[in-house]
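Written out below as structure tokens is the structure these notes cover.
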Amino acid sequence: MQKIDDVSTLVFTKARGGKFRWLTISTLMLAIGMLLHLVSPSVFGFTPNWMIATYCVAILLTKPSYRQCIGICMVAALMEVFTSKAAFPYGNFFSEFGGALVAGFFAHSVPPLRVGRFSLRPILTGFVTTLVSGFIFVTILKVVVGIPMPVYLYGILPAVAMVAAGNAAITPFLYFPARHLFQTMNGEAAVDEDVKDSDHSQLILKQSRPGVISIEHLSYTYPGMEGEALHDINLAVEKGDFLVVTGANGAGKTSLLMAMAGAVPQYYGGTMKGMVFTGGKAVTQTSISDLASKVGVILSDYSAQIVTLTVGEEMAFTLENHGYSPEEIKKRSKEALAKVRLTGLEKREVSTLSGGQRQRLVVAAVLAEEPEVLIFDEPTSAMDPEGISEFYEMVGRLNRENGLTVVVAEHHLEAVLPYANRFALLDRGHLLSEGTPEQVMKFMMNHQVYANAIPDIYKAQLVLEEEGCHFEKPFLSVSDAQASIARAVKGE
Ligand SMILES: Nc1ncnc2c1ncn2[C@@H]1O[C@H](COP(=O)(O)OP(=O)(O)OP(=O)(O)O)[C@@H](O)[C@H]1O
């Protein structure tokens, strides 16, 4: 174990990909392989092994772990066993086990070996994997069926080499279009064949200051992007804080929130410098699902987080996956629904709820997991002014009464700032100012950065102060202003 004292020098790279990207891509590739296997076109008189070629492509595209490679290849072997005409088809399980290790090795440890823009790796992977897998298969066949040695040596082994050569030819023909297709579907940088994932498992990383979330020298670049979305951010979120993060479009608010939840870089991939500690753990050393039980995230597109038909089912969904008993699920659901004022709606169909109620349902489902921190990414973008006030009244209550730490990315400052004790301003990936709402608003005003977003009521206070008035508290809401002006008029 290596102890790292200065996290500012740490660099973490990860190829983009959700947890199940390898599974979806390999399923698709194997289905294509099966289809081609059944149709069996031949190349120069030899029938290539389409199943091996397609799993090589899936493994090269997604770089799954060795265990996942074996999983993919066992599915391929099963398909081969069902369709094989060989005397001992079960040999496929052994041969594809070998194939999985070889293809995994090429994906993880062999560089792309470029000739111009063209990578030789798919050719080599197709050839060597087929050679090794084929050798294992025919050798098992020889032992089990009793093939004579001369036939094995001079007939079957050369045939294996020919099939391997055929696979060397077809693998790039499958690989490059598939790569192009996934890039088009997922964005330019979806397939990062040259990115070698960092491994922090052997490092001892210590948070340098207290806080449920500590962001230390964080810089982050999305996969395939040139510029940094976040640059050298240092920010700590203490237990019980209500932190609002603001900034113009593209300032980096969502990226920062996703870094707090570990989705950056673990889900999005890319390159991260520095470190984020959430719940006392470095995000690169904790799985996203572990982080999710500590940090609940409500996305701006909250509807995408609803996966079931009724309110009760939605509440139970994640808890069931965590293995809670039916009694515990019922208790947690009831408590969480009460916190968001949706008591008694368990039987209601989600489609009959209003937008605001749906959002509160998503909050309740997250609350039922009893996280320490709630993260909201621009939660009010689709709400009317009344809905916005009601929403922040609820979030403020969860913060004050339930002791939940809250982080919100928000443009509409008027409704949220009365509940916030901390405020941060981002501008083109830089944290320009951080402190109390009053300190940061003064900074925004003085430097004219995103000053249009400052609530009018606070601007009115600044005008009055320029005229010589003095108020003890900042005007964060109309009621703050009324109370302060009333006290000033009475001369208190
Ligand atoms: N998935 C992605 N891949 C590549 N670049 C991205 C991705 N998401 C965001 N970016 C880029 O990162 C930068 C910061 O974006 P981010 O979404 O974090 O900003 P934001 O402040 O939340 O913006 P908005 O208010 O518009 O939601 C922008 O330049 C954006 O184009």
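Residues in the structure tokens are named by chain (A, B, ... in the order shown) and by number from 1 within that chain; ligands are numbered from 1 in the order shown.
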
Practice task
List the neighbours of Leu337 in chain A out to 12 Å using only C-alpha atoms; skip same-chain residues closer than 3 positions along the sequence, and give me the result as a ChimeraX atom specification.
Solution key: /A:311-312,314-316,329-334,340-346,357-368

Output N, CA and C atoms for every residue in the selection just made, as a JSON list (two decimals), in the first residue's frame.
```json
[["chain", "number", "residue", "atom", "x", "y", "z"],
["A", 311, "VAL", "N", -46.76, 4.47, -6.95],
["A", 311, "VAL", "CA", -45.94, 5.16, -5.94],
["A", 311, "VAL", "C", -45.32, 4.13, -4.99],
["A", 312, "GLY", "N", -46.13, 3.17, -4.52],
["A", 312, "GLY", "CA", -45.65, 2.16, -3.57],
["A", 312, "GLY", "C", -44.53, 1.33, -4.18],
["A", 314, "GLU", "N", -42.53, 2.20, -6.60],
["A", 314, "GLU", "CA", -41.35, 3.05, -6.79],
["A", 314, "GLU", "C", -40.56, 3.15, -5.47],
["A", 315, "MET", "N", -41.31, 3.31, -4.38],
["A", 315, "MET", "CA", -40.65, 3.42, -3.08],
["A", 315, "MET", "C", -39.93, 2.13, -2.72],
["A", 316, "ALA", "N", -40.53, 0.99, -3.10],
["A", 316, "ALA", "CA", -39.96, -0.30, -2.69],
["A", 316, "ALA", "C", -38.79, -0.73, -3.58],
["A", 329, "ILE", "N", -39.28, -2.08, 4.55],
["A", 329, "ILE", "CA", -39.60, -1.31, 3.34],
["A", 329, "ILE", "C", -40.85, -0.46, 3.59],
["A", 330, "LYS", "N", -41.85, -1.08, 4.23],
["A", 330, "LYS", "CA", -43.10, -0.37, 4.50],
["A", 330, "LYS", "C", -42.84, 0.83, 5.42],
["A", 331, "LYS", "N", -42.04, 0.57, 6.47],
["A", 331, "LYS", "CA", -41.77, 1.63, 7.46],
["A", 331, "LYS", "C", -41.00, 2.79, 6.80],
["A", 332, "ARG", "N", -39.95, 2.44, 6.07],
["A", 332, "ARG", "CA", -39.13, 3.50, 5.44],
["A", 332, "ARG", "C", -39.94, 4.27, 4.41],
["A", 333, "SER", "N", -40.76, 3.54, 3.61],
["A", 333, "SER", "CA", -41.56, 4.21, 2.57],
["A", 333, "SER", "C", -42.52, 5.20, 3.21],
["A", 334, "LYS", "N", -43.17, 4.75, 4.29],
["A", 334, "LYS", "CA", -44.18, 5.60, 4.95],
["A", 334, "LYS", "C", -43.51, 6.88, 5.48],
["A", 340, "VAL", "N", -42.12, 14.22, 2.38],
["A", 340, "VAL", "CA", -42.33, 15.03, 1.17],
["A", 340, "VAL", "C", -43.82, 15.33, 0.94],
["A", 341, "ARG", "N", -44.60, 15.06, 1.98],
["A", 341, "ARG", "CA", -46.05, 15.33, 1.93],
["A", 341, "ARG", "C", -46.76, 14.53, 0.82],
["A", 342, "LEU", "N", -46.46, 13.26, 0.74],
["A", 342, "LEU", "CA", -47.18, 12.39, -0.20],
["A", 342, "LEU", "C", -47.81, 11.21, 0.55],
["A", 343, "THR", "N", -48.09, 11.44, 1.85],
["A", 343, "THR", "CA", -48.65, 10.37, 2.68],
["A", 343, "THR", "C", -49.91, 9.77, 2.06],
["A", 344, "GLY", "N", -49.98, 8.44, 2.09],
["A", 344, "GLY", "CA", -51.21, 7.75, 1.67],
["A", 344, "GLY", "C", -51.36, 7.57, 0.18],
["A", 345, "LEU", "N", -50.34, 7.95, -0.60],
["A", 345, "LEU", "CA", -50.49, 7.85, -2.07],
["A", 345, "LEU", "C", -49.88, 6.56, -2.64],
["A", 346, "GLU", "N", -49.58, 5.59, -1.76],
["A", 346, "GLU", "CA", -48.87, 4.38, -2.21],
["A", 346, "GLU", "C", -49.53, 3.70, -3.41],
["A", 357, "GLN", "N", -45.42, 16.54, -7.91],
["A", 357, "GLN", "CA", -45.57, 15.35, -7.05],
["A", 357, "GLN", "C", -44.59, 14.26, -7.48],
["A", 358, "ARG", "N", -44.39, 14.14, -8.78],
["A", 358, "ARG", "CA", -43.44, 13.13, -9.27],
["A", 358, "ARG", "C", -42.04, 13.42, -8.75],
["A", 359, "GLN", "N", -41.70, 14.71, -8.78],
["A", 359, "GLN", "CA", -40.37, 15.06, -8.29],
["A", 359, "GLN", "C", -40.24, 14.74, -6.80],
["A", 360, "ARG", "N", -41.33, 15.01, -6.05],
["A", 360, "ARG", "CA", -41.28, 14.70, -4.62],
["A", 360, "ARG", "C", -41.21, 13.19, -4.39],
["A", 361, "LEU", "N", -41.83, 12.43, -5.28],
["A", 361, "LEU", "CA", -41.73, 10.97, -5.18],
["A", 361, "LEU", "C", -40.28, 10.52, -5.36],
["A", 362, "VAL", "N", -39.60, 11.12, -6.33],
["A", 362, "VAL", "CA", -38.18, 10.77, -6.55],
["A", 362, "VAL", "C", -37.37, 11.13, -5.30],
["A", 363, "VAL", "N", -37.67, 12.29, -4.70],
["A", 363, "VAL", "CA", -36.97, 12.69, -3.47],
["A", 363, "VAL", "C", -37.26, 11.66, -2.38],
["A", 364, "ALA", "N", -38.53, 11.23, -2.26],
["A", 364, "ALA", "CA", -38.90, 10.27, -1.21],
["A", 364, "ALA", "C", -38.17, 8.95, -1.41],
["A", 365, "ALA", "N", -38.10, 8.50, -2.68],
["A", 365, "ALA", "CA", -37.42, 7.22, -2.95],
["A", 365, "ALA", "C", -35.94, 7.31, -2.56],
["A", 366, "VAL", "N", -35.35, 8.48, -2.79],
["A", 366, "VAL", "CA", -33.94, 8.67, -2.41],
["A", 366, "VAL", "C", -33.84, 8.74, -0.87],
["A", 367, "LEU", "N", -34.79, 9.45, -0.24],
["A", 367, "LEU", "CA", -34.76, 9.59, 1.22],
["A", 367, "LEU", "C", -34.91, 8.25, 1.93],
["A", 368, "ALA", "N", -35.68, 7.34, 1.32],
["A", 368, "ALA", "CA", -35.92, 6.04, 1.96],
["A", 368, "ALA", "C", -34.62, 5.26, 2.16]]
```

Handout entry: Test item: residues lying within 10 Å of ligand 1 with only C-alpha atoms and all ligand atoms, as a VMD selection string
Key = chain A and resid 16 186 to 190 220 to 230 245 to 259 264 267 to 270 300 377 to 378 381 409 to 411 426 to 429

Problem - Non-local contacts of Tyr458 in chain A (9 Å; only C-alpha atoms; under 6 positions in same chain excluded) as a PyMOL selection string - result: chain A and resi 438+441+474-477+481

Practice task
Write out as a count of residues only the residues lying within 9 Å of range 90-97 of chain A, counting only C-alpha atoms and excluding same-chain residues fewer than 4 positions away.
Solution key: 23

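Counting only C-alpha atoms, the residue from A:Ser198, A:Thr83, A:Thr24, A:Thr62 that sits nearest to Gln285 in chain A is A:Ser198.
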
Exercise for the section: Write out as an MDAnalysis selection string all residues of range 261-407 of chain A that backbone DSSP assigns to strand (DSSP E). Expected result: chainID A and resid 270:278 281:282 295:298 373:377 405:407

Problem - Shell of 10 Å around Val307 in chain A, only C-alpha atoms, local chain residues under 6 positions omitted, as a list in words - result: Glu313, Glu314, Phe317 and Val350 of chain A

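Here CA of Arg121 in chain A stands at a distance of 20.9 Å from CA of Arg21 in chain A.
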
Handout entry: Spatial neighbours of Glu472 in chain A, max dist 12 Å, only C-alpha atoms, sep filter under 2 positions, as a PyMOL selection string
Key = chain A and resi 438+461+465+469-470+474-475+480-481+483-485+487-488+492

Problem - Atom-to-atom span, CA of His447 in chain A and CA of Arg422 in chain A, Å - result: 19.1 Å

Practice task
Output as a PyMOL selection string all residues of range 297-403 of chain A that backbone DSSP marks as helix (DSSP H, G or I).
Solution key: chain A and resi 302-305+311-321+326-339+350-352+355-367+385-402

Problem - Close residues, Val283 in chain A itself excluded, 9 Å, only C-alpha atoms, min 5 positions apart in chain, as an MDAnalysis selection string - result: chainID A and resid 259:266 275:278 288 291

Could you turn the residues from that selection into a file that holds N, CA and C atoms, as a PDB file, in the first residue's frame?
```
ATOM      1  N   ALA A 259     -19.322  14.912  -9.543  1.00  0.00           N
ATOM      2  CA  ALA A 259     -18.061  14.514  -8.897  1.00  0.00           C
ATOM      3  C   ALA A 259     -18.304  14.205  -7.420  1.00  0.00           C
ATOM      4  N   MET A 260     -19.205  14.974  -6.784  1.00  0.00           N
ATOM      5  CA  MET A 260     -19.515  14.720  -5.370  1.00  0.00           C
ATOM      6  C   MET A 260     -20.159  13.336  -5.209  1.00  0.00           C
ATOM      7  N   ALA A 261     -20.943  12.936  -6.236  1.00  0.00           N
ATOM      8  CA  ALA A 261     -21.645  11.645  -6.166  1.00  0.00           C
ATOM      9  C   ALA A 261     -20.788  10.502  -6.718  1.00  0.00           C
ATOM     10  N   GLY A 262     -19.597  10.818  -7.220  1.00  0.00           N
ATOM     11  CA  GLY A 262     -18.696   9.780  -7.742  1.00  0.00           C
ATOM     12  C   GLY A 262     -18.975   9.390  -9.184  1.00  0.00           C
ATOM     13  N   ALA A 263     -20.067   9.939  -9.781  1.00  0.00           N
ATOM     14  CA  ALA A 263     -20.373   9.586 -11.176  1.00  0.00           C
ATOM     15  C   ALA A 263     -19.291  10.125 -12.104  1.00  0.00           C
ATOM     16  N   VAL A 264     -18.719  11.279 -11.713  1.00  0.00           N
ATOM     17  CA  VAL A 264     -17.503  11.790 -12.356  1.00  0.00           C
ATOM     18  C   VAL A 264     -16.353  11.403 -11.436  1.00  0.00           C
ATOM     19  N   PRO A 265     -15.431  10.587 -11.857  1.00  0.00           N
ATOM     20  CA  PRO A 265     -15.230  10.078 -13.202  1.00  0.00           C
ATOM     21  C   PRO A 265     -15.764   8.648 -13.402  1.00  0.00           C
ATOM     22  N   GLN A 266     -16.323   8.034 -12.362  1.00  0.00           N
ATOM     23  CA  GLN A 266     -16.577   6.585 -12.464  1.00  0.00           C
ATOM     24  C   GLN A 266     -17.574   6.231 -13.565  1.00  0.00           C
ATOM     25  N   MET A 275      -8.746  14.961  -5.892  1.00  0.00           N
ATOM     26  CA  MET A 275      -9.619  13.910  -5.357  1.00  0.00           C
ATOM     27  C   MET A 275     -10.871  14.515  -4.725  1.00  0.00           C
ATOM     28  N   VAL A 276     -11.920  13.690  -4.699  1.00  0.00           N
ATOM     29  CA  VAL A 276     -13.141  14.043  -3.968  1.00  0.00           C
ATOM     30  C   VAL A 276     -13.344  12.966  -2.911  1.00  0.00           C
ATOM     31  N   PHE A 277     -13.526  13.393  -1.659  1.00  0.00           N
ATOM     32  CA  PHE A 277     -13.824  12.448  -0.580  1.00  0.00           C
ATOM     33  C   PHE A 277     -15.296  12.621  -0.217  1.00  0.00           C
ATOM     34  N   THR A 278     -16.052  11.548  -0.316  1.00  0.00           N
ATOM     35  CA  THR A 278     -17.467  11.612   0.021  1.00  0.00           C
ATOM     36  C   THR A 278     -17.734  10.575   1.107  1.00  0.00           C
ATOM     37  N   ILE A 288     -19.978   3.195  -7.134  1.00  0.00           N
ATOM     38  CA  ILE A 288     -21.046   4.195  -7.237  1.00  0.00           C
ATOM     39  C   ILE A 288     -22.240   3.763  -6.376  1.00  0.00           C
ATOM     40  N   LEU A 291     -21.596   4.704  -2.835  1.00  0.00           N
ATOM     41  CA  LEU A 291     -21.716   6.162  -2.690  1.00  0.00           C
ATOM     42  C   LEU A 291     -23.192   6.565  -2.719  1.00  0.00           C
TER      43      LEU A 291
END
```

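Atom pair CA of Asn421 in chain A / CA of Lys339 in chain A: separated by 21.6 Å.
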
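Of the listed residues A:Ser201, A:Leu319, A:Ser119, A:Ile306, the one whose atoms come nearest to Ser287 in chain A is A:Ser201, with distances taken using only C-alpha atoms.
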
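Shortest separation to Phe173 in chain A among A:Gln202, A:Thr436, A:Thr54, A:Ser289 occurs at residue A:Thr54, atoms counted being only C-alpha atoms.
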
Problem - Nearest to Ser293 in chain A by atom-to-atom distance, counting only C-alpha atoms, from A:Ile388, A:Val373, A:Ala338, A:Ala451 - result: A:Val373
